[in-house]
Number of protein chains: 2
Amino acid sequence: MTQWVYSFGAGKADGRADMKNLLGGKGANLAEMSNLGIPVPPGFTITTEVCTYYYANGQNYPADLKSQVEGALRRIEEIMGARFGDENNPLLVSVRSGARASMPGMMDTVLNLGLNDRTVEGLARRSNDPRFAFDSYRRFIQMYSDVVLGVDHHYFEELLERHKEDRGLTLDTDLKAEDWRKLVAAYKDKVAERLGRPFPQDVQDQLWGAIGAVFGSWMNQRAITYRRLHDIPADWGTAVNVQAMVFGNMGDDCATGVAFTRDPSTGANVFYGEFLVNAQGEDVVAGIRTPQHLTVAGKNANHSTLPAMEEVMPDVFGQLEKVRANLEAHYTDMQDIEFTVQQGTLWMLQTRTGKRTAKAALKIAVDMVQEGLISKEVAIRRVDPAALDQLLHPTLDPKAPRRVLAKGLPASPGAASGKVVFSAEEAEDWVARGEKVILVRIETSPEDIGGMHVAQGILTTRGGMTSHAAVVARGMGRPCVAGAGDLRVDYAAKTMKCGAEVVREGDVITLDGGTGEVMLGAVPTIQPELTGDFGVLMEWVDAVRTMKVRANAETPLDASTARQFGAEGIGLCRTEHMFFDPQRIIAMREMILASDEAGRRAALSKLLPYQRQDFIELFEIMAGLPVTVRLLDPPLHEFLPHSEEEMAEVAKAAGVDVATVRSRAAQLHEANPMLGHRGCRLGITYPEIYEMQARAIFEAAVEVGRRTGNPVTPEVMIPLVGTKKELDLLKMSVDRIADEVAREKNAVLRYLVGTMIELPRAALRAGQIAETAEFFSFGTNDLTQTTLGMSRDDSAPFLEVYRQKGIYEQDPFASIDVDGVGELVKIAAERGRAVRTDLKLGICGEHGGDPASIAFCQKVGLDYVSCSPYRVPIARLAAAQAALGAKVESTA
Amino acid sequence: MTQWVYSFGAGKADGRADMKNLLGGKGANLAEMSNLGIPVPPGFTITTEVCTYYYANGQNYPADLKSQVEGALRRIEEIMGARFGDENNPLLVSVRSGARASMPGMMDTVLNLGLNDRTVEGLARRSNDPRFAFDSYRRFIQMYSDVVLGVDHHYFEELLERHKEDRGLTLDTDLKAEDWRKLVAAYKDKVAERLGRPFPQDVQDQLWGAIGAVFGSWMNQRAITYRRLHDIPADWGTAVNVQAMVFGNMGDDCATGVAFTRDPSTGANVFYGEFLVNAQGEDVVAGIRTPQHLTVAGKNANHSTLPAMEEVMPDVFGQLEKVRANLEAHYTDMQDIEFTVQQGTLWMLQTRTGKRTAKAALKIAVDMVQEGLISKEVAIRRVDPAALDQLLHPTLDPKAPRRVLAKGLPASPGAASGKVVFSAEEAEDWVARGEKVILVRIETSPEDIGGMHVAQGILTTRGGMTSHAAVVARGMGRPCVAGAGDLRVDYAAKTMKCGAEVVREGDVITLDGGTGEVMLGAVPTIQPELTGDFGVLMEWVDAVRTMKVRANAETPLDASTARQFGAEGIGLCRTEHMFFDPQRIIAMREMILASDEAGRRAALSKLLPYQRQDFIELFEIMAGLPVTVRLLDPPLHEFLPHSEEEMAEVAKAAGVDVATVRSRAAQLHEANPMLGHRGCRLGITYPEIYEMQARAIFEAAVEVGRRTGNPVTPEVMIPLVGTKKELDLLKMSVDRIADEVAREKNAVLRYLVGTMIELPRAALRAGQIAETAEFFSFGTNDLTQTTLGMSRDDSAPFLEVYRQKGIYEQDPFASIDVDGVGELVKIAAERGRAVRTDLKLGICGEHGGDPASIAFCQKVGLDYVSCSPYRVPIARLAAAQAALGAKVESTA
């Protein structure tokens with residue numbers, strides 16, 4: 001015989017916490033608490049298999065369900081000493097749905113089931129409180145009619161309001177027993193009027209009606225849609241929980257409360273919660289009465305004048321403290337609990353893992369290891385890497401008032417205030433005279449780097465999470481709100497409008513890069529506090545992880561930040577960012593405007609000393625750690641000016657006429673720059689550029705090696721390779737320069753030459769390419785753009801719709817598209833390693849700082865991930881979690 | 001004992017034609033002719049294995065080579081009745097290299113080897129012609145010194161010039177025996193002076209020196225580079241051919257000539273060639289003397305006054321005629337031959353397959369089948385599909401003079417002349433008043449379609465073989481020269497400059513789309529003549545091929561052309577081309593400018609009747625053949641105007657203000673439109689667009705089916721799909737519209753819904769996508785752009801360098817990149833068919849008309865290829881060749 005019904009209560013239960021699939025989350029946890037000897041109102045769970053059976057059999061129940069429910073109900077009656085439908089001592093029950101995963105759209109709860117015109121009188125007598133009894137009955141009629149019978153609750157609310165008006169009453173609490181009794185009659189009339197039949201008086205009819213409503217709600221449209229969007233199979237089904245009612249509102253020896261077993265905000269190991277005497281659960285939430293603290297310490301900390309539970313109900317509080325210890329010891333995690341005290345008896349209604357702030361998560365995890373409750377591995381798994389981000393940046397004071405102007409994408413975390421400027425030049429000027437600024441642009445380009453660097457924060461009205469502004473801001477650790485599409489920027493007028501609101505240059509705004517909010521005026525911020533817990537967790541993390549974590553960095557500041565955050569090298573040094581400095585851009589433009597190779601070489605020779613100095617500084621900071629330098633990648637037109645005015649300036653500086661600049665700019669213009677003349681295509685067509693860069697790298701390596709006694713082994717990375725031959729030709733040139741430098745400096749040079757894998761073709765031909773490449777670095781930004789045929793700068797308008805429709809669940813630029821891009825990474829890793837077993841594999845796209853992507857990297861066997869300096873701790877933690885995940889998988 | 005040396009001559013030979021790997025191409029053919037009893041000067045071939053041995057053994061010969069060469073040399077002496085080095089009757093030989101594949105950079109030829117101070121006297125006596133003997137000797141010294149001893153030929157040319165000056169002589173023929181005798185002495189002195197040792201007098205030293213020089217040249221830098229670029233392995237080696245000298249310049253019973261066994265220009269089955277009495281091979285080529293025709297017919301046809309060989313040497317001519325027949329019967333192909341007559345004896349020096357025009361290739365192939373020489377299959381293989389293109393378009397009269405202004409890419413074949421205009425509007429205006437125009441643009445965009453259609457030809461200064469201009473022009477069969485980068489177009493001034501040359505609006509130019517040449521003035525053209533041979537071959541072709549050939553077409557004209565050329569359906573109907581018509585673009589822009597769905601639907605309802613009419617016409621023309629309709633693909637901004645003037649016009653027409661148009665255009669602007677908001681992303685975000693198109697298709701299908709009694713089964717194609725879910729959502733919508741139309745019209749609708757595979761992700765996820773898609777059409781244009789990360793509009797500047805450096809041997813947009821894009825096509829075909837065995841597979845990118853790509857399509861099992869109407873015959877032929885190729889492979 002199939003067991004369709006699982007009982008719990010009175011210190012034992014048929015089910016267990018690990019039977020969620022069968023009993024749903026709520027049922028399994030109620031069973032678990034019962035087994036632990038924790039006082040739980042008795043009840044039973046009708047399994048998810050009944051739901052499946054119900055839909056497989058034309059909405060009929062299994063034949064033996066009815067008898068099993070009867071048996072379970074009898075068990076509740078015995079424990080509670082009351083009988084379902086008894087006119088003198090009625091048992092009341094709640095009926096709730098409970099699926100495996102919590103699911104909006106399902107029928108939620110019916111309370112006080114079992115009341116009818118006769119049992120309500122019994123309840124009034126037993127409780128000696130007719131007002132309580134009729135209040136409970138009218139609540140039941142309203143709830144049951146709404147969710148089971150389909151009579152909308154507004155009908156009942158209208159009746160109540162009219163009654164109060166007629167009597168000149170304001171609050172519900174002003175109503176007496178007689179009022180409720182009259183309203184019960186009016187409610188029942190309304191039901192009969194709407195349905196053409198009376199409100200059910202048979203308690204068995206009430207019970208089966210509620211059970212049927214739960215199962216019926218599994219297939220309502222909202223639930224179906226929710227399941228489709230979350231890939232929940234329809235055949236999981238829902239369970240139904242039927243549980244004895246307990247009341248916290250039957251007198252002053254009654255109470256109801258909610259608590260966390262630790263402080264969910266700070267993580268401190270204190271009992272944290274509130275309660276109300278003589279109240280129902282919903283009264284605590286409603287906020288009409290001021291709740292009291294559980295503990296004296298809590299009362300004092302919050303300067304409350306109301307007595308603590310510890311004071312007014314010391315016995316029950318003592319029981320509750322024991323339950324707290326019991327639950328934490330059992331679940332080994334902070335719990336969020338609900339309880340009711342009925343006439344001096346404690347009943348636990350719910351326990352579940354408590355939500356907490358990032359700071360609390362960190363502290364609780366570290367404390368619990370030190371308390372011997374959990375292992376270090378469990379602690380590592382407990383902290384959400386994404387949440388860690390909050391701890392590394394300033395945040396807005398949550399108590400400060402704020403006037404939100406608009407909302408964009410939370411592109412780079414942290415909060416900042418400053419005066420609005422609309423160009424990078426103005427940002428630099430204003431900062432030079434001591435102002436703090438927020439740089440506002442429609443979108444940013446590499447020319448804006450200087451202004452972005454000096455700004456407190458960056459706001460753009462176009463572009464997504466991986467737009468230029470977002471990527472650069474994250475790299476710099478600057479707060480950034482991107483793609484705030486409701487804002488209209490007018491550069492000429494130096495204004496930004498949102499509807500009627502106008503922000504002018506110099507007005508102060510505040511950005512919250514963690515939420516995407518743009519606020520008027522200055523909102524105070526709180527500085528991050530990297531407490532000892534952070535350091536302790538990071539030590540455990542580093543002991544566990546197998547992948548290295550490097551940073552994407554090119555400036556000395558970025559490199560220092562990266563080391564401070566624990567980076568083990570530089571995985572991507574983008575040399576083009578070094579050319580936008582005002583002194584250098586002149587020589588860069590001279591090179592682009594040169595009419596022949598000799599002219600280009602002359603201009604490049606001016607850039608050489610700068611570039612060499614860049615590498616000297618980086619190599620010194622990284623002190624022997626690996627540094628991967630990517631040779632010039634962007635198309636040359638990115639370095640040319642766009643306005644006529646700037647063109648004239650450039651022409652003058654380069655000693656050519658404006659027409660030449662204009663014509664060169666026109667000649668270099670590209671329809672799709674992302675797929676254009678860039679990356680190694682520049683190295684192939686203008687070999688002298690890469691030669692200069694290779695020389696700068698090698699000369700710097702020799703110099704730093706000599707000066708520090710610590711040999712530098714640079715990793716020279718060729719971007720946008722699609723064929724082995726490209727890499728062959730360019731490696732030959734790099735090797736030749738290395739030989740030259742070694743001869744000139746009489747030095748021994750050690751270095752690696754490798755390539756980005758950022759084109760589908762490169763991934764497919766990785767076997768051939770690995771014959772030449774000594775390392776691969778997956779450039780998953782571009783690999784995503786090409787594999788998905790999706791420009792990261794242009795995808796915002798449709799990607800949002802795509803996510804709504806469930807086409808992509810994640811922004812594929814934020815979290816790697818495992819099925820598409822991931823397969824290419826896997827193919828490349830396999831084919832590359834098949835040819836060269838010690839091929840070093842890393843990732844340097846934006847995904848290198850994304851936990852889900854890092855887990856994927858671990859799976860395909862990468863040696864390291866590389867990310868923005870500020871994301872290094874996140875990546876370290878995610879890598880450790882991935883290593884633990886992989887370990888579990890390999891022992892499974 | 002290894003046979004290192006293979007003899008030939010006197011009606012037999014050790015080798016055969018199929019021993020090319022061992023004997024090289026030349027050696028194998030000389031052996032073959034000997035075996036056929038054709039008179040060939042006797043000789044021997046030193047095998048390629050000797051070359052390999054030579055390099056594997058420190059540049060030493062096998063021990064027994066010397067004795068084998070001596071034996072073979074003796075055989076030549078016996079046949080020729082002369083002895084190598086004999087003072088009275090010397091045998092002279094030529095020494096030539098001969099690798100498997102003809103290879104520039106190798107040592108070519110040394111003639112007259114065996115002459116020295118004593119044998120030259122013997123030759124003078126035997127020939128009774130001292131001038132001939134000393135002339136031969138001095139030629140030998142110069143050639144041998146140059147290629148074997150490394151004394152540059154300019155030293156000898158200087159001595160000759162000085163001698164002629166001193167004697168007051170002009171032509172070499174003015175020099176007497178005594179002059180040559182003196183020059184011989186001077187030549188030898190010069191050699192001694194340069195080398196510090198005398199010119200070798202020992203004929204064995206001469207011979208081994210020449211043999212060593214051939215083997216040595218295998219490893220010279222030019223040969224190495226050539227092999228690297230052409231993937232020829234170094235261990236193939238070269239053979240050396242040593243052959244008795246015969247002389248056509250020993251008197252009036254001597255002659256030398258070249259001939260084709262059929263007319264290489266027309267293909268006519270006539271003996272076609274020229275000869276010179278008492279001359280050497282080089283005299284025929286030098287063009288100083290007017291050559292005579294072989295046949296009387298040839299003489300008459302060319303109005304020559306010189307007697308034919310048939311007349312002056314009837315016996316030898318008779319022998320030559322027999323050789324001609326013999327060679328054609330044996331090689332079963334038209335041969336290009338060289339011969340020498342020495343004192344009345346015919347010697348054949350070379351035979352090889354003759355080069356021919358496309359027209360000749362066609363005629364010869366068809367004639368030879370009808371003559372029973374070859375099978376139909378062989379005939380099919382013989383005609384180069386690419387060359388067939390010439391036959392389908394007008395060509396420039398080869399005899400007409402031309403002034404070439406510049407050169408671009410041969411983007412669309414055919415030739416055309418017309419007056420230059422610089423905008424599509426002007427093109428339409430000028431044509432409306434009866435002018436013929438050439439449309440000149442920097443690049444074209446979809447707005448130019450109208451102008452391109454009326455123009456005789458299209459010239460652009462930017463863009464590659466698959467730029468918009470090139471693709472559209474090929475589709476229309478319009479001649480096009482693209483990317484003529486030396487031209488500078490100034491739209492404002494309405495001029496086009498190339499250096500100092502200025503072409504103004506209205507000036508006449510001529511384009512040759514087959515060569516890429518741009519010429520000043522009008523050059524007369526020759527119209528194509530689709531003779532009966534073409535039709536005959538096409539019949540054979542269609543019987544052989546297994547893949548269907550469809551056309552890419554959207555206008556009734558294109559569709560009719562396609563059917564005329566034998567298309568078996570439409571593989572790609574690009575619906576966006578239908579929206580650029582002036583009447584329609586207004587509604588299209590209204591839709592784009594609409595602020596909500598209702599506005600878009602209103603505008604779309606205006607487009608519906610036009611679009612339905614388009615499909616009605618197409619379905620009627622295609623008469624039941626399959627028609628694949630691709631729903632809207634390009635980003636919406638392509639339909640918006642760019643200039644302020646046009647924007648004002650559009651604003652007026654759409655009833656909005658200019659600011660709205662400008663702001664909408666700015667909002668729709670994309671950094672990389674190729675990777676932007678286009679394809680099915682439009683269908684997902686604006687479902688109403690695809691709904692209108694689906695309705696137009698289905699209503700047209702019902703109407704044409706009813707009217708013709710021939711049911712139409714449209715294939716609805718969703719572009720740019722990357723995930724199964726996109727296709728699911730859109731197919732659902734198409735199915736819904738089909739149901740609606742079927743209900744409204746009370747009709748039964750049959751149709752297929754499928755997708756383009758044009759993103760790497762789609763190829764990788766083809767298994768999932770095939771669960772929904774009923775067909776795949778590989779959009780290899782976009783698949784190439786994404787897989788290689790290469791924009792077809794922007795790649796011209798580096799792709800040329802890439803081809804020069806051997807990175808890509810073919811333009812990957814013209815011929816499919818088998819290793820990269822090809823692997824994705826293969827993966828998609830395999831994964832798709834694994835899920836749906838009857839999945840229909842086709843290709844509709846530009847590659848569908850490229851023979852090499854068509855061969856690839858056959859290999860991966862596609863059902864059809866689709867290409868421009870004008871390329872349909874080429875695709876039919878290539879598909880037949882691919883089928884034959886596949887057949888051969890499967891029986892191997």
# chains A, B, ... in the order shown; residues from 1 in each chain; ligands from 1
$ residues_around --residues "Gln206 in chain B" --least-positions-apart "2" --cutoff "10 Å" --atoms "only C-alpha atoms" --output "ChimeraX atom specification"
/B:113-116,144,148,199-204,208-212
$ closest_atom_pairs --of "range 340-456 of chain A" --to "range 519-524 of chain A" --cutoff "7 Å" --atoms "only C-alpha atoms" --output "tab-separated table"
residue	atom	partner	partner_atom	distance
A:Leu396	CA	A:Pro524	CA	6.1
A:Asp397	CA	A:Pro524	CA	5.7
A:Ala400	CA	A:Val523	CA	6.6
A:Arg402	CA	A:Met519	CA	6.4
A:Arg403	CA	A:Met519	CA	5.3
A:Val404	CA	A:Met519	CA	4.3
A:Leu405	CA	A:Met519	CA	5.2
A:Ser417	CA	A:Ala522	CA	5.5
$ write_last_selection --atoms "C-alpha atoms" --output "PDB file, in the first residue's frame"
ATOM      1  CA  LEU A 396      25.039  54.098   0.734  1.00  0.00           C
ATOM      2  CA  ASP A 397      23.947  54.600   4.313  1.00  0.00           C
ATOM      3  CA  ALA A 400      19.833  58.165   4.717  1.00  0.00           C
ATOM      4  CA  ARG A 402      17.293  59.512  -1.049  1.00  0.00           C
ATOM      5  CA  ARG A 403      15.581  61.090  -4.057  1.00  0.00           C
ATOM      6  CA  VAL A 404      15.846  58.621  -6.923  1.00  0.00           C
ATOM      7  CA  LEU A 405      16.046  60.332 -10.323  1.00  0.00           C
ATOM      8  CA  SER A 417      28.544  61.408  -4.975  1.00  0.00           C
TER       9      SER A 417
END
$ select_by_dssp --residues "range 218-459 of chain B" --states "strand (DSSP E or B)" --output "number ranges by chain"
B: 238-244, 255-260, 272-277, 292-293, 335-342, 345-353, 395-396, 403-407, 409-412, 415-421, 437-441, 457-459
$ select_by_dssp --residues "range 608-642 of chain B" --states "alpha helix (DSSP H)" --output "ChimeraX atom specification"
/B:608-622
$ closest_residue --among "A:Arg356, A:Arg876, A:Lys20, A:Arg228" --to "chain B" --atoms "only C-alpha atoms"
A:Arg228
$ interface_residues --of "chain B" --to "chain A" --cutoff "9 Å" --atoms "only C-alpha atoms" --output "ChimeraX atom specification"
/B:462,669-677,681-682,684-685,720,722-726,758-762,764-765,782-783,785-795,797-799,801-802,805-808,819-821,823-824
$ residues_around --residues "Gln456 in chain A" --least-positions-apart "5" --cutoff "8 Å" --atoms "only C-alpha atoms" --output "list in words"
Ala416, Ser417, Gly418, Lys436, Val437, Ile438, Leu439, Arg478 and Pro479 of chain A
$ closest_residue --among "A:Ile621, A:Ala666, A:Leu391, A:Val110" --to "Ser560 in chain A" --atoms "only C-alpha atoms"
A:Ile621
$ residues_around --residues "Arg664 in chain B" --least-positions-apart "5" --cutoff "10 Å" --atoms "only C-alpha atoms" --output "PyMOL selection string"
chain B and resi 592-595+637+640+658-659+669
$ closest_residue --among "A:Leu276, A:Val421, A:Leu636, A:Leu537" --to "Ile364 in chain A" --atoms "only C-alpha atoms"
A:Leu537
$ closest_residue --among "A:Gly861, A:Pro130, A:Gly414, A:Gly196" --to "Trp180 in chain A" --atoms "only C-alpha atoms"
A:Pro130
$ residues_around --residues "range 835-842 of chain B" --least-positions-apart "3" --cutoff "10 Å" --atoms "only C-alpha atoms" --output "short mmCIF file (atom, residue, chain, number, x, y, z; two decimals) with C-alpha atoms, in the first residue's frame"
data_model
loop_
_atom_site.label_atom_id
_atom_site.label_comp_id
_atom_site.auth_asym_id
_atom_site.auth_seq_id
_atom_site.Cartn_x
_atom_site.Cartn_y
_atom_site.Cartn_z
CA MET B 547 22.29 18.03 -55.07
CA LYS B 548 19.51 20.35 -56.16
CA VAL B 549 20.35 23.87 -57.28
CA ARG B 550 18.14 26.76 -56.21
CA GLY B 571 16.59 28.95 -51.65
CA GLY B 754 13.04 26.24 -40.61
CA MET B 756 19.18 29.84 -41.10
CA ILE B 757 22.27 28.41 -39.44
CA ALA B 766 21.85 22.25 -34.03
CA GLY B 767 20.63 19.11 -32.30
CA GLN B 768 18.26 21.06 -30.10
CA ILE B 769 17.27 23.46 -32.86
CA ALA B 770 16.41 20.57 -35.19
CA GLU B 771 13.79 19.44 -32.69
CA THR B 772 11.81 22.45 -33.93
CA ALA B 773 13.30 23.29 -37.34
CA GLU B 774 12.10 21.37 -40.38
CA PHE B 775 15.01 22.59 -42.48
CA PHE B 776 18.38 24.29 -42.06
CA SER B 777 19.78 26.72 -44.57
CA PHE B 778 23.43 27.53 -43.93
CA GLY B 779 23.91 31.28 -44.14
CA ALA B 828 25.44 21.26 -37.50
CA ALA B 829 24.56 18.81 -40.29
CA GLU B 830 25.50 15.82 -38.14
CA ARG B 831 23.79 17.01 -34.98
CA GLY B 832 20.71 18.16 -36.85
CA GLY B 845 25.34 32.13 -48.66
CA GLY B 848 26.40 28.38 -52.84
CA CYS B 857 28.50 20.83 -49.55
CA VAL B 860 28.76 17.00 -45.84
CA GLY B 861 25.54 15.77 -47.42
CA LEU B 862 23.55 18.91 -48.15
CA ASP B 863 20.36 18.49 -50.17
CA TYR B 864 20.74 21.66 -52.20
CA VAL B 865 22.77 24.78 -52.84
CA SER B 866 21.26 28.17 -53.59
#
$ residues_around --residues "Tyr55 in chain A" --least-positions-apart "4" --cutoff "12 Å" --atoms "only C-alpha atoms" --output "VMD selection string"
chain A and resid 48 to 51 59 to 62 212 215 to 219 234 to 238
$ residues_around --residues "Ala185 in chain A" --least-positions-apart "5" --cutoff "10 Å" --atoms "only C-alpha atoms" --output "PyMOL selection string"
chain A and resi 117+138+180+190
$ write_last_selection --atoms "N, CA and C atoms" --output "compact mmCIF listing (two decimals), in the first residue's frame"
# COMPACT_ATOMS: atom_id res chain seq x y z
N ASP A 117 -21.11 27.14 12.09
CA ASP A 117 -22.04 27.84 13.00
C ASP A 117 -22.11 27.18 14.38
N ARG A 138 -14.99 34.68 11.15
CA ARG A 138 -15.13 35.58 9.99
C ARG A 138 -13.83 35.57 9.16
N TRP A 180 -18.80 41.01 15.36
CA TRP A 180 -18.27 39.92 14.54
C TRP A 180 -19.36 38.90 14.24
N LYS A 190 -23.37 36.84 1.81
CA LYS A 190 -22.66 37.28 0.60
C LYS A 190 -22.18 36.06 -0.21
$ closest_residue --among "B:Val471, B:Ala738, B:Val503, B:Leu388" --to "Cys867 in chain B" --atoms "only C-alpha atoms"
B:Val471
$ closest_residue --among "B:Gly483, B:Gly506, B:Gly499, B:Gly532" --to "Met465 in chain B" --atoms "only C-alpha atoms"
B:Gly483
$ decode --residues "range 648-670 of chain A" --atoms "C-alpha atoms" --output "mmCIF file, in the first residue's frame"
data_model
loop_
_atom_site.group_PDB
_atom_site.id
_atom_site.type_symbol
_atom_site.label_atom_id
_atom_site.label_comp_id
_atom_site.auth_asym_id
_atom_site.auth_seq_id
_atom_site.Cartn_x
_atom_site.Cartn_y
_atom_site.Cartn_z
ATOM 1 C CA ALA A 648 42.417 70.374 -36.780
ATOM 2 C CA GLU A 649 44.375 70.075 -33.559
ATOM 3 C CA VAL A 650 45.759 66.686 -34.525
ATOM 4 C CA ALA A 651 46.643 67.884 -38.004
ATOM 5 C CA LYS A 652 48.614 70.748 -36.522
ATOM 6 C CA ALA A 653 50.426 68.502 -34.066
ATOM 7 C CA ALA A 654 51.258 65.924 -36.722
ATOM 8 C CA GLY A 655 52.288 68.536 -39.266
ATOM 9 C CA VAL A 656 49.790 67.485 -41.924
ATOM 10 C CA ASP A 657 46.719 69.226 -43.282
ATOM 11 C CA VAL A 658 43.230 68.613 -41.944
ATOM 12 C CA ALA A 659 42.172 66.986 -45.184
ATOM 13 C CA THR A 660 44.762 64.266 -44.595
ATOM 14 C CA VAL A 661 43.438 63.597 -41.113
ATOM 15 C CA ARG A 662 39.870 63.592 -42.365
ATOM 16 C CA SER A 663 40.631 61.325 -45.268
ATOM 17 C CA ARG A 664 42.637 58.911 -43.105
ATOM 18 C CA ALA A 665 39.794 58.817 -40.593
ATOM 19 C CA ALA A 666 37.312 58.145 -43.407
ATOM 20 C CA GLN A 667 39.582 55.464 -44.823
ATOM 21 C CA LEU A 668 39.831 53.756 -41.436
ATOM 22 C CA HIS A 669 36.106 54.001 -40.714
ATOM 23 C CA GLU A 670 34.549 50.567 -40.291
#
